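upload.tsv (TSV, C-alpha atoms and all ligand atoms)
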```tsv
chain	number	residue	atom	x	y	z
A	222	MET	CA	-21.68	6.09	7.51
A	223	ILE	CA	-18.92	6.38	10.09
A	224	SER	CA	-19.93	5.66	13.64
A	225	VAL	CA	-17.65	6.16	16.60
A	226	SER	CA	-19.16	5.28	19.94
A	227	ALA	CA	-19.51	8.51	21.94
A	228	SER	CA	-19.06	6.76	25.25
A	229	GLN	CA	-15.49	5.74	24.44
A	230	SER	CA	-12.40	7.78	23.75
A	231	ALA	CA	-11.63	7.91	20.02
A	232	ALA	CA	-8.47	5.83	20.45
A	233	ALA	CA	-10.37	2.92	21.94
A	234	ALA	CA	-13.61	3.47	20.05
A	235	ALA	CA	-15.25	0.76	18.01
A	236	PHE	CA	-15.20	1.83	14.38
A	237	SER	CA	-17.88	0.45	12.16
A	238	THR	CA	-20.06	0.96	9.10
A	239	PRO	CA	-23.22	-0.91	8.09
A	240	PHE	CA	-20.99	-3.16	5.92
A	241	SER	CA	-18.54	-4.00	8.70
A	242	ARG	CA	-21.35	-4.56	11.21
A	243	ARG	CA	-23.10	-6.94	8.83
A	244	PHE	CA	-20.09	-9.26	8.91
A	245	GLY	CA	-19.05	-8.56	12.50
A	246	LEU	CA	-15.74	-7.00	11.41
A	247	ARG	CA	-13.61	-5.08	13.89
A	248	LEU	CA	-12.73	-2.62	11.13
A	249	PRO	CA	-14.18	-2.12	7.62
A	250	LEU	CA	-11.43	-4.01	5.84
A	251	VAL	CA	-11.60	-6.54	3.01
A	252	GLN	CA	-8.46	-8.38	1.89
A	253	GLY	CA	-8.66	-8.25	-1.90
A	254	PRO	CA	-8.94	-11.53	-3.80
A	255	MET	CA	-5.74	-12.02	-5.82
A	256	ALA	CA	-5.50	-14.75	-8.44
A	257	GLY	CA	-2.11	-16.33	-9.10
A	258	GLY	CA	-0.96	-17.48	-5.67
A	259	PRO	CA	-1.29	-14.72	-3.06
A	260	THR	CA	-4.67	-15.56	-1.52
A	261	THR	CA	-4.00	-18.96	-0.01
A	262	PRO	CA	-6.55	-20.47	2.40
A	263	ALA	CA	-4.03	-19.65	5.18
A	264	LEU	CA	-4.08	-15.95	4.21
A	265	VAL	CA	-7.86	-15.78	3.85
A	266	ALA	CA	-8.46	-17.53	7.18
A	267	ALA	CA	-5.83	-15.44	9.01
A	268	VAL	CA	-7.55	-12.24	7.84
A	269	SER	CA	-11.02	-13.52	8.76
A	270	ASN	CA	-9.81	-14.77	12.14
A	271	ALA	CA	-8.37	-11.30	12.74
A	272	LEU	CA	-11.96	-10.00	12.25
A	273	ALA	CA	-11.48	-8.47	8.80
A	274	LEU	CA	-12.93	-10.11	5.65
A	275	GLY	CA	-10.62	-12.61	3.92
A	276	PHE	CA	-11.18	-13.33	0.20
A	277	LEU	CA	-10.19	-16.30	-1.94
A	278	ALA	CA	-9.42	-15.67	-5.63
A	279	GLY	CA	-11.19	-18.50	-7.43
A	280	ALA	CA	-10.86	-17.29	-11.03
A	281	ALA	CA	-7.89	-19.44	-12.02
A	282	LEU	CA	-9.17	-22.55	-10.22
A	283	ALA	CA	-11.18	-25.50	-11.50
A	284	PRO	CA	-14.54	-25.95	-9.71
A	285	GLU	CA	-13.18	-28.88	-7.65
A	286	LYS	CA	-10.25	-26.76	-6.51
A	287	ILE	CA	-12.57	-23.89	-5.54
A	288	ALA	CA	-14.45	-26.43	-3.41
A	289	SER	CA	-11.31	-27.85	-1.79
A	290	GLU	CA	-9.82	-24.41	-1.05
A	291	THR	CA	-13.15	-23.29	0.42
A	292	ALA	CA	-13.18	-26.40	2.60
A	293	ALA	CA	-9.61	-25.59	3.69
A	294	ILE	CA	-10.69	-22.07	4.69
A	295	ARG	CA	-13.70	-23.44	6.59
A	296	ALA	CA	-11.40	-25.82	8.45
A	297	LEU	CA	-9.31	-22.83	9.58
A	298	THR	CA	-12.03	-20.33	10.48
A	299	ASP	CA	-15.72	-20.09	11.28
A	300	ARG	CA	-15.72	-16.38	10.40
A	301	PRO	CA	-17.23	-14.93	7.18
A	302	PHE	CA	-15.04	-14.92	4.06
A	303	GLY	CA	-15.52	-14.42	0.33
A	304	VAL	CA	-14.78	-16.11	-3.00
A	305	ASN	CA	-14.15	-14.15	-6.22
A	306	LEU	CA	-14.56	-15.12	-9.88
A	307	PHE	CA	-13.91	-13.51	-13.29
A	308	VAL	CA	-17.08	-13.32	-15.43
A	309	LEU	CA	-15.78	-14.70	-18.73
A	310	ASP	CA	-17.03	-16.20	-21.99
A	311	THR	CA	-15.29	-19.25	-23.41
A	312	ALA	CA	-12.37	-18.24	-25.66
A	313	ARG	CA	-12.19	-19.76	-29.14
A	314	PRO	CA	-9.23	-18.00	-30.79
A	315	ASP	CA	-8.40	-18.60	-34.45
A	316	ASP	CA	-5.02	-20.06	-35.40
A	317	ALA	CA	-3.65	-16.77	-36.72
A	318	THR	CA	-4.27	-15.02	-33.38
A	319	VAL	CA	-2.43	-17.76	-31.49
A	320	ARG	CA	0.44	-17.90	-33.99
A	321	ARG	CA	0.96	-14.13	-33.81
A	322	ALA	CA	1.01	-14.21	-30.00
A	323	LEU	CA	3.51	-17.06	-29.97
A	324	ALA	CA	5.79	-15.16	-32.35
A	325	SER	CA	6.41	-12.72	-29.48
A	326	ILE	CA	6.32	-15.27	-26.65
A	327	ASP	CA	8.55	-18.00	-28.11
A	328	PRO	CA	11.81	-15.99	-27.92
A	329	LEU	CA	11.11	-15.42	-24.22
A	330	ARG	CA	10.35	-19.12	-23.70
A	331	ALA	CA	13.74	-19.87	-25.26
A	332	HIS	CA	15.30	-17.84	-22.42
A	333	TYR	CA	14.29	-20.75	-20.10
A	334	GLY	CA	15.11	-23.43	-22.64
A	335	LEU	CA	11.40	-24.01	-23.33
A	336	PRO	CA	10.40	-25.27	-26.81
A	337	PRO	CA	8.10	-23.11	-28.97
A	338	GLY	CA	4.54	-22.93	-27.60
A	339	ALA	CA	1.53	-24.52	-29.29
A	340	PRO	CA	-2.20	-23.70	-29.51
A	341	LEU	CA	-4.30	-25.49	-26.90
A	342	THR	CA	-6.30	-28.25	-28.51
A	343	PRO	CA	-9.77	-29.14	-27.18
A	344	PRO	CA	-10.77	-30.25	-24.58
A	345	ALA	CA	-7.98	-28.09	-23.09
A	346	ARG	CA	-9.23	-24.58	-22.33
A	347	TYR	CA	-7.63	-21.17	-22.16
A	348	ALA	CA	-9.41	-20.56	-18.82
A	349	PRO	CA	-11.63	-22.60	-16.48
A	350	ASP	CA	-15.27	-22.71	-17.55
A	351	PHE	CA	-17.05	-19.81	-15.84
A	352	ARG	CA	-20.48	-21.47	-15.75
A	353	ALA	CA	-19.05	-24.56	-14.00
A	354	GLN	CA	-17.18	-22.34	-11.52
A	355	PHE	CA	-20.34	-20.33	-10.89
A	356	ASP	CA	-22.46	-23.43	-10.26
A	357	ALA	CA	-19.83	-24.67	-7.79
A	358	LEU	CA	-19.86	-21.31	-6.03
A	359	VAL	CA	-23.65	-21.39	-5.64
A	360	ASP	CA	-23.42	-24.92	-4.19
A	361	LEU	CA	-20.73	-23.84	-1.71
A	362	ARG	CA	-23.06	-21.23	-0.16
A	363	VAL	CA	-20.18	-18.94	0.73
A	364	PRO	CA	-20.93	-15.87	2.88
A	365	VAL	CA	-19.71	-13.40	0.20
A	366	ALA	CA	-19.23	-13.78	-3.56
A	367	SER	CA	-17.59	-11.10	-5.70
A	368	PHE	CA	-17.06	-10.71	-9.43
A	369	THR	CA	-14.93	-8.75	-11.85
A	370	PHE	CA	-14.38	-8.49	-15.65
A	371	GLY	CA	-18.11	-8.66	-16.36
A	372	LEU	CA	-21.66	-8.50	-15.10
A	373	LEU	CA	-23.93	-11.25	-13.79
A	374	ALA	CA	-27.49	-11.63	-15.03
A	375	LYS	CA	-30.21	-10.83	-12.47
A	376	GLU	CA	-31.12	-14.51	-12.30
A	377	ASP	CA	-27.56	-15.43	-11.33
A	378	VAL	CA	-27.47	-12.81	-8.59
A	379	ALA	CA	-30.82	-14.21	-7.39
A	380	ARG	CA	-29.36	-17.75	-7.29
A	381	LEU	CA	-26.52	-16.53	-5.08
A	382	HIS	CA	-28.94	-14.69	-2.83
A	383	ALA	CA	-31.08	-17.83	-2.54
A	384	ALA	CA	-27.91	-19.68	-1.49
A	385	GLY	CA	-27.35	-17.09	1.24
A	386	SER	CA	-24.42	-15.29	-0.39
A	387	TYR	CA	-23.89	-11.52	-0.29
A	388	VAL	CA	-23.02	-10.35	-3.82
A	389	ILE	CA	-20.40	-7.74	-4.71
A	390	GLY	CA	-19.69	-6.45	-8.24
A	391	THR	CA	-16.56	-4.60	-9.33
A	392	ALA	CA	-16.96	-1.24	-11.08
A	393	THR	CA	-14.33	1.08	-12.55
A	394	HIS	CA	-16.82	3.84	-13.40
A	395	VAL	CA	-20.38	4.91	-12.65
A	396	ALA	CA	-22.13	3.14	-15.56
A	397	GLU	CA	-20.70	-0.19	-14.37
A	398	GLY	CA	-21.83	0.52	-10.81
A	399	LEU	CA	-25.37	1.23	-12.02
A	400	ALA	CA	-25.35	-1.98	-14.09
A	401	TRP	CA	-24.42	-3.98	-10.96
A	402	ARG	CA	-27.09	-2.19	-8.92
A	403	ASP	CA	-29.69	-3.04	-11.57
A	404	ALA	CA	-28.54	-6.68	-11.56
A	405	GLY	CA	-29.26	-6.80	-7.82
A	406	ALA	CA	-25.77	-6.61	-6.30
A	407	ASP	CA	-25.52	-5.84	-2.58
A	408	ALA	CA	-22.32	-3.76	-2.77
A	409	ILE	CA	-19.78	-2.41	-5.22
A	410	VAL	CA	-15.99	-2.59	-5.22
A	411	ALA	CA	-14.86	0.78	-6.61
A	412	GLN	CA	-11.65	-0.14	-8.42
A	413	GLY	CA	-9.60	3.02	-8.79
A	414	ALA	CA	-6.85	3.41	-11.38
A	415	GLU	CA	-4.18	3.03	-8.66
A	416	ALA	CA	-5.13	-0.61	-8.02
A	417	GLY	CA	-2.80	-3.50	-8.71
A	418	GLY	CA	-3.83	-6.40	-10.96
A	419	HIS	CA	-6.35	-6.59	-13.77
A	420	ARG	CA	-8.74	-3.80	-14.55
A	421	GLY	CA	-12.32	-4.90	-14.04
A	422	THR	CA	-13.67	-2.67	-16.83
A	423	PHE	CA	-16.53	-4.25	-18.78
A	424	ILE	CA	-18.22	-1.20	-20.32
A	425	GLY	CA	-16.15	0.98	-22.67
A	426	GLU	CA	-12.43	1.20	-23.25
A	427	VAL	CA	-9.97	0.66	-20.37
A	428	PRO	CA	-7.84	3.74	-21.17
A	429	HIS	CA	-11.00	5.85	-20.75
A	430	ALA	CA	-11.92	4.13	-17.49
A	431	LEU	CA	-8.85	4.82	-15.38
A	432	VAL	CA	-10.70	6.89	-12.78
A	433	GLY	CA	-8.68	7.42	-9.60
A	434	THR	CA	-10.00	6.10	-6.27
A	435	MET	CA	-10.46	9.62	-4.88
A	436	ALA	CA	-12.79	10.62	-7.73
A	437	LEU	CA	-14.48	7.23	-8.16
A	438	VAL	CA	-15.60	6.39	-4.61
A	439	PRO	CA	-17.89	9.37	-3.96
A	440	GLN	CA	-19.35	9.22	-7.48
A	441	LEU	CA	-20.19	5.53	-7.13
A	442	ALA	CA	-21.59	6.02	-3.62
A	443	ASP	CA	-23.81	8.90	-4.80
A	444	ALA	CA	-24.94	7.20	-8.02
A	445	THR	CA	-25.69	3.70	-6.73
A	446	GLY	CA	-26.73	4.26	-3.12
A	447	LEU	CA	-25.12	0.88	-2.40
A	448	PRO	CA	-22.29	0.19	0.05
A	449	VAL	CA	-19.02	0.96	-1.75
A	450	LEU	CA	-15.68	-0.69	-0.96
A	451	ALA	CA	-12.79	1.52	-2.06
A	452	ALA	CA	-9.95	-0.30	-3.83
A	453	GLY	CA	-6.73	1.10	-5.23
A	454	GLY	CA	-3.74	2.73	-3.57
A	455	ILE	CA	-4.87	2.14	0.02
A	456	MET	CA	-1.96	0.82	2.07
A	457	ASP	CA	-2.44	2.07	5.63
A	458	GLY	CA	-4.84	3.61	8.13
A	459	ARG	CA	-4.51	7.03	6.53
A	460	GLY	CA	-5.77	5.68	3.22
A	461	MET	CA	-8.58	3.80	4.97
A	462	ALA	CA	-9.75	6.95	6.76
A	463	ALA	CA	-9.61	8.91	3.49
A	464	ALA	CA	-11.77	6.31	1.71
A	465	LEU	CA	-14.30	6.28	4.53
A	466	ALA	CA	-14.43	10.08	4.48
A	467	LEU	CA	-15.27	9.88	0.76
A	468	GLY	CA	-18.33	7.77	1.53
A	469	ALA	CA	-16.94	4.24	1.30
A	470	GLN	CA	-18.31	1.69	3.77
A	471	GLY	CA	-15.08	-0.27	3.62
A	472	VAL	CA	-11.80	-0.68	1.79
A	473	GLN	CA	-10.47	-3.58	-0.27
A	474	MET	CA	-6.69	-3.80	-0.09
A	475	GLY	CA	-4.64	-6.09	-2.31
A	476	THR	CA	-1.06	-4.89	-2.68
A	477	ALA	CA	-0.64	-4.44	1.08
A	478	PHE	CA	-1.39	-8.17	1.59
A	479	LEU	CA	0.90	-9.37	-1.24
A	480	GLY	CA	3.96	-9.17	1.02
A	481	CYS	CA	2.37	-11.11	3.89
A	482	ALA	CA	3.96	-14.32	5.17
A	483	GLU	CA	0.91	-16.36	4.05
A	484	SER	CA	0.97	-14.96	0.49
A	485	ALA	CA	2.48	-17.66	-1.75
A	486	ILE	CA	4.23	-15.49	-4.33
A	487	PRO	CA	7.92	-15.74	-5.27
A	488	ALA	CA	10.34	-13.96	-2.91
A	489	ASP	CA	11.67	-11.83	-5.76
A	490	TRP	CA	8.16	-10.40	-6.38
A	491	LYS	CA	7.89	-9.51	-2.67
A	492	ALA	CA	11.36	-7.92	-2.79
A	493	ARG	CA	10.56	-5.87	-5.90
A	494	LEU	CA	7.34	-4.60	-4.31
A	495	ARG	CA	9.34	-3.26	-1.37
A	496	ASP	CA	12.06	-1.81	-3.62
A	497	SER	CA	9.62	-0.15	-6.03
A	498	ALA	CA	8.93	3.56	-6.43
A	499	ASP	CA	5.63	5.40	-6.88
A	500	THR	CA	6.29	5.50	-10.65
A	501	ALA	CA	7.33	1.82	-10.98
A	502	THR	CA	4.05	0.43	-12.34
A	503	SER	CA	2.26	0.62	-15.68
A	504	VAL	CA	-1.07	-0.60	-16.97
A	505	THR	CA	-0.39	-3.09	-19.74
A	506	ARG	CA	-2.34	-5.66	-21.74
A	507	ALA	CA	0.80	-7.27	-23.14
A	508	ILE	CA	1.16	-10.05	-20.54
A	509	THR	CA	-2.37	-11.47	-20.35
A	510	GLY	CA	-4.34	-9.73	-23.09
A	511	ARG	CA	-6.30	-7.73	-20.52
A	512	HIS	CA	-5.17	-4.44	-19.02
A	513	ALA	CA	-3.52	-4.88	-15.62
A	514	ARG	CA	-1.28	-2.78	-13.40
A	515	GLY	CA	2.12	-4.19	-12.48
A	516	ILE	CA	5.76	-3.31	-11.95
A	517	ARG	CA	7.57	-2.85	-15.26
A	518	ASN	CA	10.06	-5.65	-16.03
A	519	PRO	CA	11.62	-7.25	-19.11
A	520	LEU	CA	8.56	-9.52	-19.62
A	521	MET	CA	6.25	-6.50	-19.87
A	522	GLN	CA	8.64	-4.44	-21.95
A	523	GLN	CA	9.50	-7.19	-24.45
A	524	LEU	CA	5.87	-8.19	-25.03
A	525	GLU	CA	4.86	-4.52	-25.35
A	526	ALA	CA	7.31	-4.13	-28.22
A	527	HIS	CA	4.76	-5.89	-30.49
A	528	PRO	CA	1.28	-4.84	-29.35
A	529	GLU	CA	-0.18	-6.15	-32.63
A	530	ASN	CA	0.80	-9.69	-31.55
A	531	VAL	CA	-1.00	-9.65	-28.19
A	532	ALA	CA	-3.99	-12.03	-28.13
A	533	PRO	CA	-7.11	-11.14	-26.13
A	534	TYR	CA	-7.59	-12.44	-22.56
A	535	PRO	CA	-7.55	-15.29	-21.57
A	536	VAL	CA	-5.61	-16.53	-24.62
A	537	GLN	CA	-2.49	-14.41	-24.06
A	538	ASN	CA	-2.67	-15.25	-20.34
A	539	ALA	CA	-2.66	-18.98	-21.06
A	540	LEU	CA	0.09	-18.69	-23.69
A	541	THR	CA	2.46	-16.82	-21.31
A	542	GLN	CA	1.65	-19.04	-18.33
A	543	GLU	CA	4.29	-21.76	-18.66
A	544	LEU	CA	6.99	-19.11	-19.09
A	545	ARG	CA	5.82	-17.30	-15.94
A	546	GLN	CA	5.65	-20.58	-14.02
A	547	HIS	CA	9.29	-21.24	-14.92
A	548	ALA	CA	10.20	-17.73	-13.80
A	549	ALA	CA	8.39	-18.36	-10.51
A	550	ARG	CA	10.33	-21.59	-9.92
A	551	ALA	CA	13.57	-19.74	-10.76
A	552	ASN	CA	12.50	-16.84	-8.46
A	553	ASP	CA	13.19	-14.54	-11.41
A	554	GLY	CA	11.08	-11.37	-11.27
A	555	ASP	CA	12.21	-10.38	-14.76
A	556	TYR	CA	9.71	-12.82	-16.31
A	557	LEU	CA	6.88	-12.79	-13.76
A	558	SER	CA	3.69	-10.74	-13.99
A	559	LEU	CA	4.54	-8.43	-11.07
A	560	TRP	CA	1.01	-7.12	-10.42
A	561	SER	CA	1.13	-4.26	-7.96
A	562	GLY	CA	-0.73	-1.08	-7.08
A	563	GLN	CA	0.81	2.38	-7.05
A	564	GLY	CA	0.98	2.36	-3.24
A	565	ALA	CA	3.47	-0.53	-3.01
A	566	PRO	CA	6.41	1.58	-1.71
A	567	LEU	CA	4.34	2.38	1.39
A	568	ALA	CA	4.87	-1.26	2.46
A	569	ARG	CA	8.47	-0.33	3.32
A	570	ARG	CA	7.09	1.34	6.46
A	571	ARG	CA	6.31	-2.16	7.77
A	572	GLU	CA	8.39	-5.19	8.65
A	573	ALA	CA	8.89	-7.56	5.68
A	574	ASN	CA	6.85	-10.79	5.57
A	575	LEU	CA	4.41	-9.69	8.27
A	576	GLY	CA	1.70	-12.19	9.20
A	577	ALA	CA	-1.73	-11.19	7.86
A	578	ALA	CA	-3.17	-10.95	11.38
A	579	GLN	CA	-0.39	-8.55	12.36
A	580	LEU	CA	-1.14	-6.44	9.30
A	581	VAL	CA	-4.83	-6.27	10.26
A	582	ASP	CA	-3.80	-5.26	13.81
A	583	ALA	CA	-1.51	-2.54	12.45
A	584	LEU	CA	-4.24	-1.20	10.14
A	585	ASP	CA	-6.71	-1.11	13.01
A	586	THR	CA	-4.25	0.87	15.16
A	587	GLU	CA	-3.41	3.25	12.31
A	588	LEU	CA	-7.07	3.87	11.46
A	589	ARG	CA	-7.84	4.70	15.07
A	590	ALA	CA	-4.81	6.99	15.30
A	591	THR	CA	-5.89	8.82	12.14
A	592	LEU	CA	-9.40	9.32	13.46
A	593	GLU	CA	-8.00	10.52	16.76
A	594	ARG	CA	-5.92	13.05	14.87
A	595	PHE	CA	-9.06	14.28	13.07
A	596	GLU	CA	-10.76	14.65	16.46
A	597	ARG	CA	-7.83	16.71	17.71
A	598	PHE	CA	-7.99	18.89	14.61
A	599	ALA	CA	-11.74	19.26	15.07
A	600	ALA	CA	-11.15	20.28	18.69
A	601	GLY	CA	-8.86	23.01	17.39
A	602	GLU	CA	-5.58	21.64	18.72
A	603	SER	CA	-2.58	22.83	16.74
A	604	SER	CA	-0.90	19.43	16.38
A	605	SER	CA	1.23	18.58	13.38
A	606	ALA	CA	1.42	14.88	14.39
B	1	LIG	C1	-1.63	-9.72	-7.68
B	1	LIG	C2	-3.05	-9.24	-7.75
B	1	LIG	C3	-4.04	-10.10	-8.18
B	1	LIG	C4	-5.38	-9.68	-8.20
B	1	LIG	N1	-6.35	-10.58	-8.57
B	1	LIG	C5	-7.66	-10.21	-8.47
B	1	LIG	C6	-8.68	-11.18	-8.71
B	1	LIG	O1	-8.42	-12.36	-8.96
B	1	LIG	N2	-9.97	-10.75	-8.64
B	1	LIG	C7	-10.30	-9.44	-8.29
B	1	LIG	O2	-11.49	-9.11	-8.25
B	1	LIG	N3	-9.36	-8.53	-8.04
B	1	LIG	C8	-8.04	-8.89	-8.10
B	1	LIG	N4	-7.06	-7.98	-7.78
B	1	LIG	C9	-7.48	-6.66	-7.22
B	1	LIG	C10	-7.51	-6.72	-5.68
B	1	LIG	O3	-8.49	-7.60	-5.22
B	1	LIG	C11	-7.76	-5.32	-5.08
B	1	LIG	O4	-9.01	-4.82	-5.46
B	1	LIG	C12	-6.68	-4.34	-5.49
B	1	LIG	O5	-5.42	-4.93	-5.29
B	1	LIG	C13	-6.79	-3.07	-4.66
B	1	LIG	O6	-5.81	-2.12	-5.03
B	1	LIG	P1	-4.32	-2.11	-4.38
B	1	LIG	O7	-3.56	-3.14	-5.14
B	1	LIG	O8	-3.83	-0.73	-4.65
B	1	LIG	O9	-4.47	-2.43	-2.92
B	1	LIG	C14	-5.71	-8.37	-7.79
B	1	LIG	C15	-4.71	-7.48	-7.38
B	1	LIG	C16	-3.38	-7.91	-7.35
B	1	LIG	C17	-2.33	-6.95	-6.86
```

Starting from the file, give its structure as structure tokens.
Ligand SMILES: Cc1cc2nc3c(=O)[nH]c(=O)nc-3n(C[C@H](O)[C@H](O)[C@H](O)COP(=O)(O)O)c2cc1C
Amino acid sequence: MISVSASQSAAAAAFSTPFSRRFGLRLPLVQGPMAGGPTTPALVAAVSNALALGFLAGAALAPEKIASETAAIRALTDRPFGVNLFVLDTARPDDATVRRALASIDPLRAHYGLPPGAPLTPPARYAPDFRAQFDALVDLRVPVASFTFGLLAKEDVARLHAAGSYVIGTATHVAEGLAWRDAGADAIVAQGAEAGGHRGTFIGEVPHALVGTMALVPQLADATGLPVLAAGGIMDGRGMAAALALGAQGVQMGTAFLGCAESAIPADWKARLRDSADTATSVTRAITGRHARGIRNPLMQQLEAHPENVAPYPVQNALTQELRQHAARANDGDYLSLWSGQGAPLARRREANLGAAQLVDALDTELRATLERFERFAAGESSSA
């Protein structure tokens, strides 16, 4: 999979895989889609203009907003980019489920002087309508479309292909990878347990599907035969090289891009990412009703105190949203969902608030340096560098 041009020295060599060549990338790097503010059109376009693959998170957006953000990206770059959606059914919770959830959430709302929450009454929805988002995505004919939380039907993958889109499915274990292959996907994101944000698991129980990136990537590559993008815990060129050595054709990095200048998340979230330790995160379903990895804070701990009250996604997500929006305006990380991967402390090795293009440059340099080190080892040099 890894090709280094023999005519060049390793340091200056072009590094590519079939996946990176397909999209003309200078290194096999995808910026992970991140719903909730990080993946602004400015971030996506900066990554794509730096010759990596930028990705818009469309899951939380209405179809019109997906269209306007895609137009904003296209105004900023003519390079390939992607759009990501959550595959979701419409939620129709019963009153008791909503009342139980609010019994835990209301005391936290009171912290910001918010009145008790109420069930959403139709036509309000707990999440944007997936089918309307999907139709909009097909119409937009984006270069790359990726999905998590569920599986598309073959016919839907075929519609995207007919629109010229390359289709990527997220898998957290082999059975999910095979399901995506059978549905016609072009590539798989291998979401290891280290990854920040929601777990993509759609077959089986999440606690049984926390396979680490190191174990998951080669198993998915072997089982599916499709290009695999390694996601979870990769923060620098060393991690990229490791993933490629395991058989990945690229990496998808989220947490590393969260701290970028173009990422529109509250400053306190960025600060807590940099201050965190390797043990700072947990996987919890208490905040949104779906398992996700984030830095522990009072919001997570207080909602976890009553697991029996947590409504399923997207109901819990919608019911905690106003509270989290207030926390964002107050720049108060205690009541934000601080999604983060286990590699977050590695960001301290970089300048804070780096531009996304500078981060891509740094990753390119680090990847080359790592490969050069391998070459030196292979040549038998006794270097500890
Ligand atoms: C804040 C945050 C939000 C995320 N939102 C999405 C999303 O909307 N869709 C998706 O497929 N993955 C999402 N992810 C996963 C990332 O795209 C990426 O796969 C993951 O961050 C890689 O692991 P890392 O965090 O260790 O780099 C999110 C991750 C984070 C940290």

If I take CA of Ala256 in chain A and CA of Leu372 in chain A, how far is one from the other in Å, to one decimal?
18.6 Å

For a quick check of your reading of the model, name the residues lying within 7 Å of the coordinate (-11.9, -6.5, 11.0), counting only C-alpha atoms, and write them as a VMD selection string.
chain A and resid 246 to 250 271 to 274

Is there a way to get, as a ChimeraX atom specification, all residues within 8 Å of the point (-0.7, -2.3, -0.6) in file coordinates, counting only C-alpha atoms?
/A:454-457,474-479,561-562,564-565,567-568

Exercise: Arg459 in chain A partners within 12 Å, only C-alpha atoms, chain neighbours under 4 positions left out, as a list of chain:residue names:
A:Gly454, A:Ile455, A:Ala463, A:Ala464, A:Leu465, A:Ala466, A:Val472, A:Leu567, A:Ala583, A:Leu584, A:Asp585, A:Thr586, A:Glu587, A:Leu588, A:Arg589, A:Ala590, A:Thr591, A:Leu592, A:Glu593, A:Arg594, A:Phe595

As lines of an AutoDock Vina configuration file: centre and edge lengths in Å, one decimal, of the axis-aligned box holding ligand LIG 1 (chain B) with 6 Å per side:
```
center_x = -6.6
center_y = -6.5
center_z = -5.9
size_x = 21.9
size_y = 23.6
size_z = 18.0
```

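Taking CA of Thr509 in chain A and CA of Leu306 in chain A as endpoints, the distance between them is 16.5 Å.
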
Long-range neighbours of Leu335 in chain A as a list in words, 12 Å cut-off, all atoms listed in the file, 5 positions minimum in chain:
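Once the nearby chain positions are removed, what remains is Ile326, Asp327, Pro328, Leu329, Arg330, Thr541, Glu543, Leu544, Arg545, Gln546, His547 and Ala548 of chain A.
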
Counting all atoms listed in the file, which of A:Ala430, A:Met435, A:Leu381, A:Leu450 gets nearest to ligand LIG 1 (chain B)?
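Comparing A:Ala430, A:Met435, A:Leu381, A:Leu450 against ligand LIG 1 (chain B), the winner is A:Leu450.
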
Between A:Gly258, A:Gly418, A:Gly458, A:Pro337, which residue has the minimum interatomic distance to ligand LIG 1 (chain B), considering only C-alpha atoms and all ligand atoms?
A:Gly418

Find the residues around Pro519 in chain A up to 8 Å (all atoms listed in the file counted), leave out those fewer than 3 positions away in its own chain, and share them as an mmCIF file with C-alpha atoms, keeping the file's coordinate frame.
```cif
data_model
loop_
_atom_site.group_PDB
_atom_site.id
_atom_site.type_symbol
_atom_site.label_atom_id
_atom_site.label_comp_id
_atom_site.auth_asym_id
_atom_site.auth_seq_id
_atom_site.Cartn_x
_atom_site.Cartn_y
_atom_site.Cartn_z
ATOM 1 C CA GLN A 522 8.640 -4.440 -21.950
ATOM 2 C CA GLN A 523 9.500 -7.190 -24.450
ATOM 3 C CA ASP A 555 12.210 -10.380 -14.760
ATOM 4 C CA TYR A 556 9.710 -12.820 -16.310
#
```

Report the distance between CA of Gln440 in chain A and CA of Gly245 in chain A in Å, rounded to one decimal place.
26.7 Å

At a cut-off of 12 Å, using only C-alpha atoms, what residues contact Ala345 in chain A? Leave out same-chain residues fewer than 2 positions from it and give the result as a ChimeraX atom specification.
/A:311-313,339-343,347-350,536,539

Counting only C-alpha atoms and all ligand atoms, which residue out of A:Arg514, A:Lys375, A:Arg243, A:Arg571 sits closest to ligand LIG 1 (chain B)?
A:Arg514

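The closest residue to ligand LIG 1 (chain B), picked from A:Pro487, A:Pro254, A:Gly468, A:Gly425 and counting all atoms listed in the file, is A:Pro254.
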
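Among the candidates A:Ile409, A:Met521, A:Ala353, A:Ala296, the one nearest to Gly279 in chain A when counting only C-alpha atoms is A:Ala353.
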
A:Gln542, A:Gln354, A:Ser241, A:Thr422 ranked by distance to Ala288 in chain A, top pick (using only C-alpha atoms)
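Using only C-alpha atoms, the shortest distance to Ala288 in chain A belongs to A:Gln354.
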
Where atoms are lacking, range 547-551 of chain A completed to N, CA and C atoms, as a PDB file, in the coordinates of the input:
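After the write, result19.pdb holds the following:
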```
ATOM      1  N   HIS A 547       7.849 -20.985 -14.997  1.00  0.00           N
ATOM      2  CA  HIS A 547       9.290 -21.240 -14.920  1.00  0.00           C
ATOM      3  C   HIS A 547       9.994 -20.111 -14.177  1.00  0.00           C
ATOM      4  N   ALA A 548       9.603 -18.873 -14.490  1.00  0.00           N
ATOM      5  CA  ALA A 548      10.200 -17.730 -13.800  1.00  0.00           C
ATOM      6  C   ALA A 548       9.931 -17.797 -12.301  1.00  0.00           C
ATOM      7  N   ALA A 549       8.727 -18.250 -11.935  1.00  0.00           N
ATOM      8  CA  ALA A 549       8.390 -18.360 -10.510  1.00  0.00           C
ATOM      9  C   ALA A 549       9.285 -19.399  -9.837  1.00  0.00           C
ATOM     10  N   ARG A 550       9.473 -20.542 -10.518  1.00  0.00           N
ATOM     11  CA  ARG A 550      10.330 -21.590  -9.920  1.00  0.00           C
ATOM     12  C   ARG A 550      11.777 -21.100  -9.802  1.00  0.00           C
ATOM     13  N   ALA A 551      12.201 -20.269 -10.771  1.00  0.00           N
ATOM     14  CA  ALA A 551      13.570 -19.740 -10.760  1.00  0.00           C
ATOM     15  C   ALA A 551      13.673 -18.484  -9.873  1.00  0.00           C
TER      16      ALA A 551
END
```
